[in-house]
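These notes concern the structure reproduced below.
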Amino acid sequence: MQNADAVVELTNVRKEYSDSTALDGVSLTVRAGEAVAVMGPSGSGKSTLLNMIAGLDRPTSGEVVVHGTDLGKLSETGLALFRRRGVGMIFQFFNLLDDLSALDNVALAAQLTGTTAGQARKRALELFGELGISSRRNIYPAQLSGGERQRVAVARALMNRPALLLADEPTGALDSKSGEQVMDLLLDLNQIGQTLLLVTHDERLATRCATRLIEVADGRIARENTLERA
Amino acid sequence: MTAVWSAAWAAVLRRKLQTIVIGVVVCAASATLVMALGLLEAAAAPFDRAFAAQQGAHLAAQYDADKATGFANPAAQATAGPFRQATVDTSEGEVFLGTLTVVGRADPGGQVDRLAVSQGRWATGPGEIVLNRTPGAAGRIGLGFRVELPGRPALTVVGFAHSVTGSADAWVAPEQVEALRPDALQVLYRFAHAGTAAEMAAATAGLPRDGLLGTLSHLTVKDKATSELGVFIPFLMIFGILGLAVAVLIVANVVSGAVVAGLRHIGMLKAIGFTPNQVMGVYLVMVSIPAFAGCVLGTVAGNLFAKPIVQDAVEGFGVDDLSFAPWVNLVAALGMPLLVASAALVPALRARGLPAARAISAGTATHTGRALRIQHWLGGTGLPRSVSLGLGMPFARTGRSALTLASVVLGVMTVTLAAGVTMSMTAYNDAVRPHFTDRVELMAGPPPGAPAVRPEGVEAPAATLSDAEDEAMLRSLPGTTAVLAGTQLDAEVAGGTQKATIRFYRGDTAALGPRVLTGHWPDGPGQVVVPSRFLNQRGLAVGDTITVQALGNRTQVKIVGVVLTNNADEIFADWSTVDVLGPGTRAATYLVRMATGTDRDAYTAAVKAADPGLQVLPPRDGTSSTAVIIISAALVLTLVLGAVAALGVFNTVVLNTRERRRDLGMLKSIGMTPRQVTVLLVTSMGALGVLGGLIGVPVGIAVHQLVVPLMAQAGQADAVDILMNVYHAPLLALLALSGVVIAVLGAVVPARGAARLSIATVLHNE
Ligand SMILES: Nc1ncnc2c1ncn2[C@@H]1O[C@H](COP(=O)(O)OP(=O)(O)OP(=O)(O)O)[C@@H](O)[C@H]1O
Ligand SMILES: [Mg+2]
């Protein structure tokens with residue numbers, strides 16, 4: 001079933017590792033503007049699911065279509081080009097380059113698409129302003145707090161205006177206060193139309209900012225709820 | 001076993017790539033070390049080595065058989081002989097072999113002058129002869145060749161043997177020597193102490209004097225041998241030292257890198273209760289296991305593979321069964337583990353003192369302010385981001401980058417030096433043994449007094465025309481552009497012990513004569529030019545006058561210039577001087593230069609038609625075996641050291657990508673393509689390669705300027721311009737590029753590996 005406004009379409013996706021099955025036949029559709037939260041116990045396959053959608057890994061079988069592109073048909077280089085503009089990704093442990101300043105970390109994403117250094121830094125500064133971290137722009141990741149680091153990572157993910165934002169436990173490494181700030185940020189983004197798929201352990205945060213909740217267990221989708229946002 | 005052992009063993013198995021890299025690098029370094037030390041040792045005393053192996057004769061004495069009363073020398077440790085000795089002039093034979101000293105000896109072995117039979121077997125019966133030949137030397141005579149001389153029994157060559165001291169030119173069975181009309185007795189002595197001239201004088205004091213005709217000290221032989229092949233020594237020394245330096249550097253880099261890369265692991269070990277000393281132990285054991293295996297393998301490989309190289313280099317001395325001295329293997333087998341341990345100890349000590357929390361968080365490179373500023377500046381340049389990120393990478397780990405740079409510099413230096421030495425050798429070779437396809441050499445007959453050297457198996461020349469007619473005939477032939485007539489006389493130079501050959505030239509000396517380096521070609525009688533080795537050996541200078549004697553005539557000649565030739569015992573004179581020393585002598589040889597496009601066969605046929613007695617010599621083979629050996633040794637050594645330097649780069653990229661795995665995964669997650677990741681990593685090393693080229697080339701040239709004079713000096717020649725100024729601009733550019741080649745070769749494999757690494761796996765494991 002091709003869905004006109006579907007951003008993500010997974011059909012019967014399986015992922016096997018040498019000693020385990022991480023995904024065991026997952027089918028899932030995410031439509032534009034949705035905020036989907038994925039929950040489930042540790043080792044249930046949440047990160048694997050996200051990696052499939054981001055084109056970071058390939059399924060053993062099944063189809064992954066994002067923005068109408070079948071990722072299975074793309075080469076490694078094709079996947080890289082897809083990631084540049086197609087998705088933005090946020091990780092639990094930020095994954096910032098330690099030897100670039102906060103601003104350069106963010107500008108980097110635009111430079112990869114061919115934007116000049118000056119243009120990239122200009123756009124990054126705008127995002128820093130929107131995310132309220134302008135004062136931290138010339139600081140290096142090692143001197144930033146966890147919440148600040150994650151906001152820099154969010155800025156980097158948004159740099160190329162991706163239609164889909166993926167977040168793997170974005171608050172997992174943060175205290176509850178900075179966690180909530182990041183959640184608020186994602187909620188704001190979704191309310192202005194940003195499609196969002198996030199993995200989290202925190203049910204309270206999930207119910208607060210997601211429009212749909214998916215529970216994963218043993219590599220399968222166990223339950224699906226549409227939520228009214230608080 | 002202990003916790004240290006099991007933790008170390010687990011690390012060895014878990015870090016397979018690192019384990020393999022350490023093993024391979026230490027193996028390569030050990031092999032290089034064995035080769036380097038072997039070269040240094042071989043270069044230091046090749047003559048002594050061969051002399052000791054053969055139990056060479058410290059003294060060879062000749063006695064008159066009728067007058068000698070005894071041969072016992074109280075100082076002698078061992079004596080061989082008396083052997084009967086005959087002098088055989090082969091000039092009347094089919095093939096000229098020179099004047100041979102033939103000794104009747106029943107046995108090549110014995111306590112003195114144990115001859116190494118390199119080919120065939122020893123002469124045991126009548127009609128058999130064994131010739132003295134350096135192992136590996138080429139010769140046109142093979143086994144089975146018959147030496148036939150009027151009035152002497154025919155002798156068949158049944159073997160080739162070599163005597164370091166040249167105790168004879170040939171050997172026959174004792175009963176055979178009688179038929180050759182022996183004229184002396186040879187007695188060979190070995191002494192307990194004979195290393196210096198004073199010791200030799202003391203040892204020979206007790207030599208019986210009755211009937212003593214002459215003696216030859218091993219010191220005299222050694223002087224001559226070392227000056228002839230001594231050109232090798234500075235060259236081999238410098239390559240030995242380079243090999244040593246590269247081996248040390250790369251091991252230091254690899255081993256310390258392995259410890260630094262394990263900092264996070266160290267933190268965890270501490271966190272679970274390992275004491276600082278145990279942590280250090282884990283790391284030392286972890287690198288020692290593959291290092292030990294590599295060391296053993298490398299030492300064995302060094303003995304197997306480096307030996308032929310060193311063997312080639314010293315073969316000219318007649319060392320036919322080379323084995324590296326025990327100390328070489330001992331130093332390699334003990335020195336390499338020591339080096340590994342000390343390279344590991346420095347960072348391991350640092351790890352020992354590091355607080356656990358700091359160690360755990362020290363997963364990625366340390367970041368100095370300078371590195372960050374450089375990275376920021378690079379980000380603002382217009383370069384593609386993968387290139388600018390790569391360029392910034394070396395600054396994050398300055399110590400490691402410096403070690404890598406140093407091995408690239410040494411690699412480039414080796415390439416530069418080897419290229420320079422090769423070109424100097426070629427320049428020298430071309431100058432002293434010109435190989436011209438447009439020249440024809442003709443023989444008219446033997447020069448007076450001695451048979452001329454002519455190729456074996458060719459009929460004796462006997463010109464039918466007179467000297468003047470021959471020259472006129474050659475000049476009138478179509479295709480002739482220049483003619484040089486020449487002859488030679490064996491002469492004695494007053495005050496010297498060694499004989500010299502005087503070569504006389506007439507005709508187009510400027511075009512075809514030897515190249516005059518300083519001064520001028522003789523322009524009248526009583527003037528000569530000589531090679532620099534002639535001056536150096538005899539303590540003479542241009543402007544000096546010497547007395548020469550030949551064919552019973554004696555005259556004084558003035559040295560007016562220096563020529564470039566390989567031989568120390570040659571004097572060059574104008575034809576006008578031959579009228580003083582050998583009046584009426586005709587030219588023995590003619591050297592003709594043909595116009596381009598002249599057919600050689602047609603030309604020589606025309607010559608033969610005009611004077612059938614002229615002998616056309618086959619074109620000269622222009623290469624000397626010394627040059628070939630040096631050039632091929634330079635090539636092999638360059639390849640080996642270049643490969644080891646590339647291995648150093650390989651290791652650095654492996655370490656960098658391991659540390660930066662998470663960063664690389666992230667870069668890929670935001671859309672960096674595998675190709676861009678490869679570019680990033682190769683660029684990071686390419687920058688070091690460029691820098692290494694810029695530093696290595698001038699250093700290599702400087703070493704060349706140092707080594708070539710030493711080589712020339714060892715050969716008792718002067719380092720002249722054509723030997724020194726061999727580097728030119730296009731070559732320099734190529735040489736500078738060799739740094740990039742080394743860097744890229746070393747980097748590309750691990751870079752591509754890192755580019756293909758699955759991001760999900762990397763991020764999953766962090
Ligand atoms: N690169 C990998 N190699 C091997 N096995 C893997 C790999 N990545 C994931 N797995 C396995 O796949 C399963 C699912 O892992 P995944 O990381 O998706 O779980 P998760 O739901 O994200 O867990 P958590 O909540 O702890 O992050 C696990 O059993 C894990 O061990
Ligand atoms: Mg996960």
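All residue names refer to the structure tokens as shown: chains lettered A, B, ... in order, residues numbered from 1 in each chain, ligands numbered from 1 in order.
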Return as JSON lines the residues of chain A lying at most 6 Å from chain B, together with the closest atom-to-atom pair for each and the distance in Å to one decimal, counting only C-alpha atoms, with rows in chain order and ascending residue number.
```
{"residue": "A:Leu56", "atom": "CA", "partner": "B:Ala760", "partner_atom": "CA", "distance": 5.8}
{"residue": "A:Asp57", "atom": "CA", "partner": "B:Ala760", "partner_atom": "CA", "distance": 5.9}
{"residue": "A:Thr77", "atom": "CA", "partner": "B:Thr673", "partner_atom": "CA", "distance": 5.0}
{"residue": "A:Ala80", "atom": "CA", "partner": "B:Gly671", "partner_atom": "CA", "distance": 4.3}
{"residue": "A:Leu81", "atom": "CA", "partner": "B:Gly671", "partner_atom": "CA", "distance": 5.7}
{"residue": "A:Arg83", "atom": "CA", "partner": "B:Gly671", "partner_atom": "CA", "distance": 4.8}
{"residue": "A:Arg84", "atom": "CA", "partner": "B:Gly671", "partner_atom": "CA", "distance": 4.3}
{"residue": "A:Asp99", "atom": "CA", "partner": "B:Leu372", "partner_atom": "CA", "distance": 5.6}
{"residue": "A:Ala117", "atom": "CA", "partner": "B:Gly380", "partner_atom": "CA", "distance": 5.3}
```
- [ ] Pick out the residues sitting within 7 Å of A:Ala124, and hand them over as a list in words; count only C-alpha atoms, and ignore anything fewer than 6 positions along from it in its own chain.
- [x] Leu103, Val106, Ala107 and Met159 of chain A
Identify, on the basis of only C-alpha atoms, every residue whose closest approach to A:Lys15 does not exceed 10 Å; exclude the query and any residue fewer than 6 positions from it along the same chain; express the result as a PDB file with N, CA, C and O atoms, in the first residue's frame.
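Okay, this is what ended up in result26.pdb:
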```pdb
ATOM      1  N   THR A  21      18.631 -12.196  16.447  1.00  0.00           N
ATOM      2  CA  THR A  21      17.744 -11.548  15.489  1.00  0.00           C
ATOM      3  C   THR A  21      17.279 -10.250  16.117  1.00  0.00           C
ATOM      4  O   THR A  21      16.562 -10.245  17.117  1.00  0.00           O
ATOM      5  N   ALA A  22      17.718  -9.113  15.534  1.00  0.00           N
ATOM      6  CA  ALA A  22      17.419  -7.822  16.139  1.00  0.00           C
ATOM      7  C   ALA A  22      16.032  -7.339  15.714  1.00  0.00           C
ATOM      8  O   ALA A  22      15.300  -6.754  16.510  1.00  0.00           O
ATOM      9  N   LEU A  23      15.687  -7.559  14.445  1.00  0.00           N
ATOM     10  CA  LEU A  23      14.347  -7.206  13.964  1.00  0.00           C
ATOM     11  C   LEU A  23      13.753  -8.433  13.291  1.00  0.00           C
ATOM     12  O   LEU A  23      14.402  -9.093  12.498  1.00  0.00           O
ATOM     13  N   ASP A  24      12.480  -8.696  13.621  1.00  0.00           N
ATOM     14  CA  ASP A  24      11.889  -9.969  13.183  1.00  0.00           C
ATOM     15  C   ASP A  24      10.589  -9.678  12.438  1.00  0.00           C
ATOM     16  O   ASP A  24       9.500  -9.974  12.920  1.00  0.00           O
ATOM     17  N   GLY A  25      10.708  -9.046  11.267  1.00  0.00           N
ATOM     18  CA  GLY A  25       9.522  -8.775  10.446  1.00  0.00           C
ATOM     19  C   GLY A  25       8.750  -7.556  10.902  1.00  0.00           C
ATOM     20  O   GLY A  25       7.616  -7.667  11.375  1.00  0.00           O
ATOM     21  N   VAL A  26       9.345  -6.395  10.771  1.00  0.00           N
ATOM     22  CA  VAL A  26       8.683  -5.167  11.201  1.00  0.00           C
ATOM     23  C   VAL A  26       8.114  -4.430   9.988  1.00  0.00           C
ATOM     24  O   VAL A  26       8.809  -4.232   8.998  1.00  0.00           O
ATOM     25  N   GLY A  45      15.561  -4.033  19.901  1.00  0.00           N
ATOM     26  CA  GLY A  45      15.758  -3.740  18.479  1.00  0.00           C
ATOM     27  C   GLY A  45      15.429  -2.315  18.082  1.00  0.00           C
ATOM     28  O   GLY A  45      15.341  -2.003  16.894  1.00  0.00           O
ATOM     29  N   THR A  48      18.278  -0.612  16.217  1.00  0.00           N
ATOM     30  CA  THR A  48      18.424  -1.258  14.917  1.00  0.00           C
ATOM     31  C   THR A  48      17.376  -0.720  13.947  1.00  0.00           C
ATOM     32  O   THR A  48      17.678  -0.403  12.792  1.00  0.00           O
ATOM     33  N   LEU A  49      16.159  -0.560  14.434  1.00  0.00           N
ATOM     34  CA  LEU A  49      15.068  -0.036  13.611  1.00  0.00           C
ATOM     35  C   LEU A  49      15.429   1.358  13.082  1.00  0.00           C
ATOM     36  O   LEU A  49      15.278   1.665  11.896  1.00  0.00           O
ATOM     37  N   MET A  52      18.066   1.344  10.398  1.00  0.00           N
ATOM     38  CA  MET A  52      17.568   0.931   9.081  1.00  0.00           C
ATOM     39  C   MET A  52      17.000   2.142   8.357  1.00  0.00           C
ATOM     40  O   MET A  52      17.229   2.345   7.163  1.00  0.00           O
ATOM     41  N   ASP A  57      22.476   1.080   8.221  1.00  0.00           N
ATOM     42  CA  ASP A  57      22.660  -0.363   8.179  1.00  0.00           C
ATOM     43  C   ASP A  57      21.629  -0.914   7.203  1.00  0.00           C
ATOM     44  O   ASP A  57      20.643  -0.247   6.903  1.00  0.00           O
ATOM     45  N   ARG A  58      21.885  -2.115   6.687  1.00  0.00           N
ATOM     46  CA  ARG A  58      20.959  -2.684   5.705  1.00  0.00           C
ATOM     47  C   ARG A  58      20.225  -3.871   6.317  1.00  0.00           C
ATOM     48  O   ARG A  58      20.820  -4.649   7.058  1.00  0.00           O
ATOM     49  N   PRO A  59      18.940  -4.006   5.984  1.00  0.00           N
ATOM     50  CA  PRO A  59      18.196  -5.147   6.534  1.00  0.00           C
ATOM     51  C   PRO A  59      18.641  -6.461   5.881  1.00  0.00           C
ATOM     52  O   PRO A  59      19.172  -6.447   4.779  1.00  0.00           O
ATOM     53  N   THR A  60      18.434  -7.563   6.605  1.00  0.00           N
ATOM     54  CA  THR A  60      18.723  -8.878   6.036  1.00  0.00           C
ATOM     55  C   THR A  60      17.700  -9.193   4.960  1.00  0.00           C
ATOM     56  O   THR A  60      18.023  -9.726   3.913  1.00  0.00           O
ATOM     57  N   SER A  61      16.434  -8.838   5.248  1.00  0.00           N
ATOM     58  CA  SER A  61      15.395  -8.948   4.215  1.00  0.00           C
ATOM     59  C   SER A  61      14.338  -7.893   4.498  1.00  0.00           C
ATOM     60  O   SER A  61      14.329  -7.274   5.559  1.00  0.00           O
ATOM     61  N   GLY A  62      13.440  -7.677   3.533  1.00  0.00           N
ATOM     62  CA  GLY A  62      12.417  -6.648   3.697  1.00  0.00           C
ATOM     63  C   GLY A  62      12.824  -5.372   2.999  1.00  0.00           C
ATOM     64  O   GLY A  62      13.937  -5.258   2.474  1.00  0.00           O
ATOM     65  N   GLY A 219      12.177  -7.682  18.787  1.00  0.00           N
ATOM     66  CA  GLY A 219      12.296  -7.432  17.348  1.00  0.00           C
ATOM     67  C   GLY A 219      10.979  -7.340  16.613  1.00  0.00           C
ATOM     68  O   GLY A 219      10.957  -7.316  15.388  1.00  0.00           O
TER      69      GLY A 219
END
```
Open item on the list: I'd like the interatomic distance between atom CA of B:Asp438 and atom CA of B:Ala595, to a tenth of an Å.
Closed with: 7.2 Å
Test item: residues at most 12 Å from B:Gly584, only C-alpha atoms, excluding those fewer than 3 positions along its chain, as a tab-separated table (two decimals) with N, CA, C and O atoms, in the first residue's frame:
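Produced file out-v7.tsv, reproduced below:
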```tsv
chain	number	residue	atom	x	y	z
B	447	PRO	N	101.71	-4.55	-28.27
B	447	PRO	CA	102.63	-3.45	-28.00
B	447	PRO	C	103.99	-4.03	-27.67
B	447	PRO	O	104.09	-5.20	-27.29
B	448	PRO	N	105.06	-3.26	-27.80
B	448	PRO	CA	106.40	-3.80	-27.55
B	448	PRO	C	106.56	-4.25	-26.10
B	448	PRO	O	105.99	-3.66	-25.19
B	466	SER	N	101.79	-0.44	-42.78
B	466	SER	CA	102.59	0.24	-41.75
B	466	SER	C	101.65	1.09	-40.89
B	466	SER	O	100.49	1.31	-41.24
B	467	ASP	N	102.20	1.57	-39.81
B	467	ASP	CA	101.43	2.39	-38.88
B	467	ASP	C	100.81	3.59	-39.60
B	467	ASP	O	99.60	3.83	-39.54
B	468	ALA	N	101.66	4.32	-40.32
B	468	ALA	CA	101.18	5.53	-41.00
B	468	ALA	C	100.15	5.17	-42.07
B	468	ALA	O	99.13	5.86	-42.22
B	487	THR	N	99.34	3.11	-28.14
B	487	THR	CA	100.06	1.91	-27.73
B	487	THR	C	100.36	2.06	-26.25
B	487	THR	O	100.01	3.07	-25.63
B	575	TRP	N	102.05	11.03	-28.17
B	575	TRP	CA	102.85	10.12	-28.98
B	575	TRP	C	104.33	10.54	-29.01
B	575	TRP	O	105.22	9.71	-29.13
B	576	SER	N	104.59	11.83	-28.87
B	576	SER	CA	105.98	12.31	-28.95
B	576	SER	C	106.86	11.67	-27.88
B	576	SER	O	108.07	11.51	-28.07
B	577	THR	N	106.26	11.26	-26.77
B	577	THR	CA	107.06	10.67	-25.69
B	577	THR	C	107.46	9.23	-26.02
B	577	THR	O	108.45	8.72	-25.50
B	578	VAL	N	106.70	8.54	-26.87
B	578	VAL	CA	107.03	7.16	-27.19
B	578	VAL	C	108.37	7.09	-27.92
B	578	VAL	O	109.10	6.11	-27.81
B	579	ASP	N	108.71	8.17	-28.62
B	579	ASP	CA	109.97	8.17	-29.35
B	579	ASP	C	111.17	8.18	-28.41
B	579	ASP	O	112.26	7.80	-28.78
B	580	VAL	N	110.95	8.64	-27.18
B	580	VAL	CA	112.03	8.63	-26.20
B	580	VAL	C	112.16	7.24	-25.56
B	580	VAL	O	113.25	6.70	-25.42
B	581	LEU	N	111.02	6.66	-25.18
B	581	LEU	CA	111.06	5.40	-24.43
B	581	LEU	C	111.11	4.17	-25.34
B	581	LEU	O	111.75	3.19	-25.00
B	587	ALA	N	101.69	1.96	-33.65
B	587	ALA	CA	100.46	1.93	-32.87
B	587	ALA	C	99.97	0.49	-32.74
B	587	ALA	O	100.00	-0.27	-33.70
```
Can you tell me which residues come within 8 Å of ligand 2 when counting only C-alpha atoms and all ligand atoms, ideally as a PDB file with C-alpha atoms, in the first residue's frame?
```pdb
ATOM      1  CA  SER A  42      16.807  -2.994  26.222  1.00  0.00           C
ATOM      2  CA  GLY A  43      17.939  -5.148  23.340  1.00  0.00           C
ATOM      3  CA  GLY A  45      15.758  -3.740  18.479  1.00  0.00           C
ATOM      4  CA  LYS A  46      14.872  -0.038  18.752  1.00  0.00           C
ATOM      5  CA  SER A  47      18.254   1.301  17.687  1.00  0.00           C
ATOM      6  CA  THR A  48      18.424  -1.258  14.917  1.00  0.00           C
ATOM      7  CA  ASP A 168      17.989   7.596  19.524  1.00  0.00           C
ATOM      8  CA  GLU A 169      17.479   8.207  23.221  1.00  0.00           C
ATOM      9  CA  VAL A 199      13.501   6.156  20.622  1.00  0.00           C
TER      10      VAL A 199
ATOM     11  CA  HIS B 764      26.762   0.246  18.621  1.00  0.00           C
TER      12      HIS B 764
END
```
TODO: Would you mind reading off the distance between atom CA of B:Leu284 and atom CA of B:Pro750, one decimal, in Å?
DONE: 25.1 Å
Open item on the list: For a quick check of understanding, using only C-alpha atoms, which of B:Gly689, B:Gly243, B:Pro347, B:Pro698 has the smallest distance to B:Ala402?
Closed with: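 Of all the options, B:Gly689 lies closest to B:Ala402.
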- [ ] Point out the residue among A:Asn160, A:Asn95, A:Ser134, A:Gln150 with the least atom-to-atom distance to A:Glu180, counting only C-alpha atoms.
- [x]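 When distances to A:Glu180 are compared using only C-alpha atoms, the smallest one comes from A:Gln150.
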Open item on the list: Please compute the atom CA of A:Gln143-atom CA of A:Leu108 distance, one decimal, in Å.
Closed with: 19.2 Å
Task: Neighbour list for B:Leu477 as a PyMOL selection string, cut-off 10 Å, only C-alpha atoms, skip fewer than 4 positions in-chain - done: chain B and resi 472-473+481+594+603+606-607+610
Open item on the list: Write out as a PyMOL selection string the set of residues from chain A that DSSP, computed on the backbone, places in alpha helix (DSSP H).
Closed with: chain A and resi 46-54+76-86+102-112+117-131+146-158+176-191+203-209
Task: Spatial neighbours of A:Gly68, 9 Å, only C-alpha atoms, chain gap at least 4 places, as a VMD selection string - done: chain A and resid 6 to 9
Open item on the list: Please list as number ranges by chain every residue within 10 Å of B:Ala491, counting only C-alpha atoms and excluding residues in the same chain fewer than 6 positions away.
Closed with: B: 498-502, 547-554, 569-571, 581
Open item on the list: To test your reading of the structure, identify every residue in chain A that backbone DSSP assigns to strand (DSSP E), and report it as a PyMOL selection string.
Closed with: chain A and resi 6-17+20-31+35-39+61-66+69-70+87-90+164-168+195-199+212-217+220-226
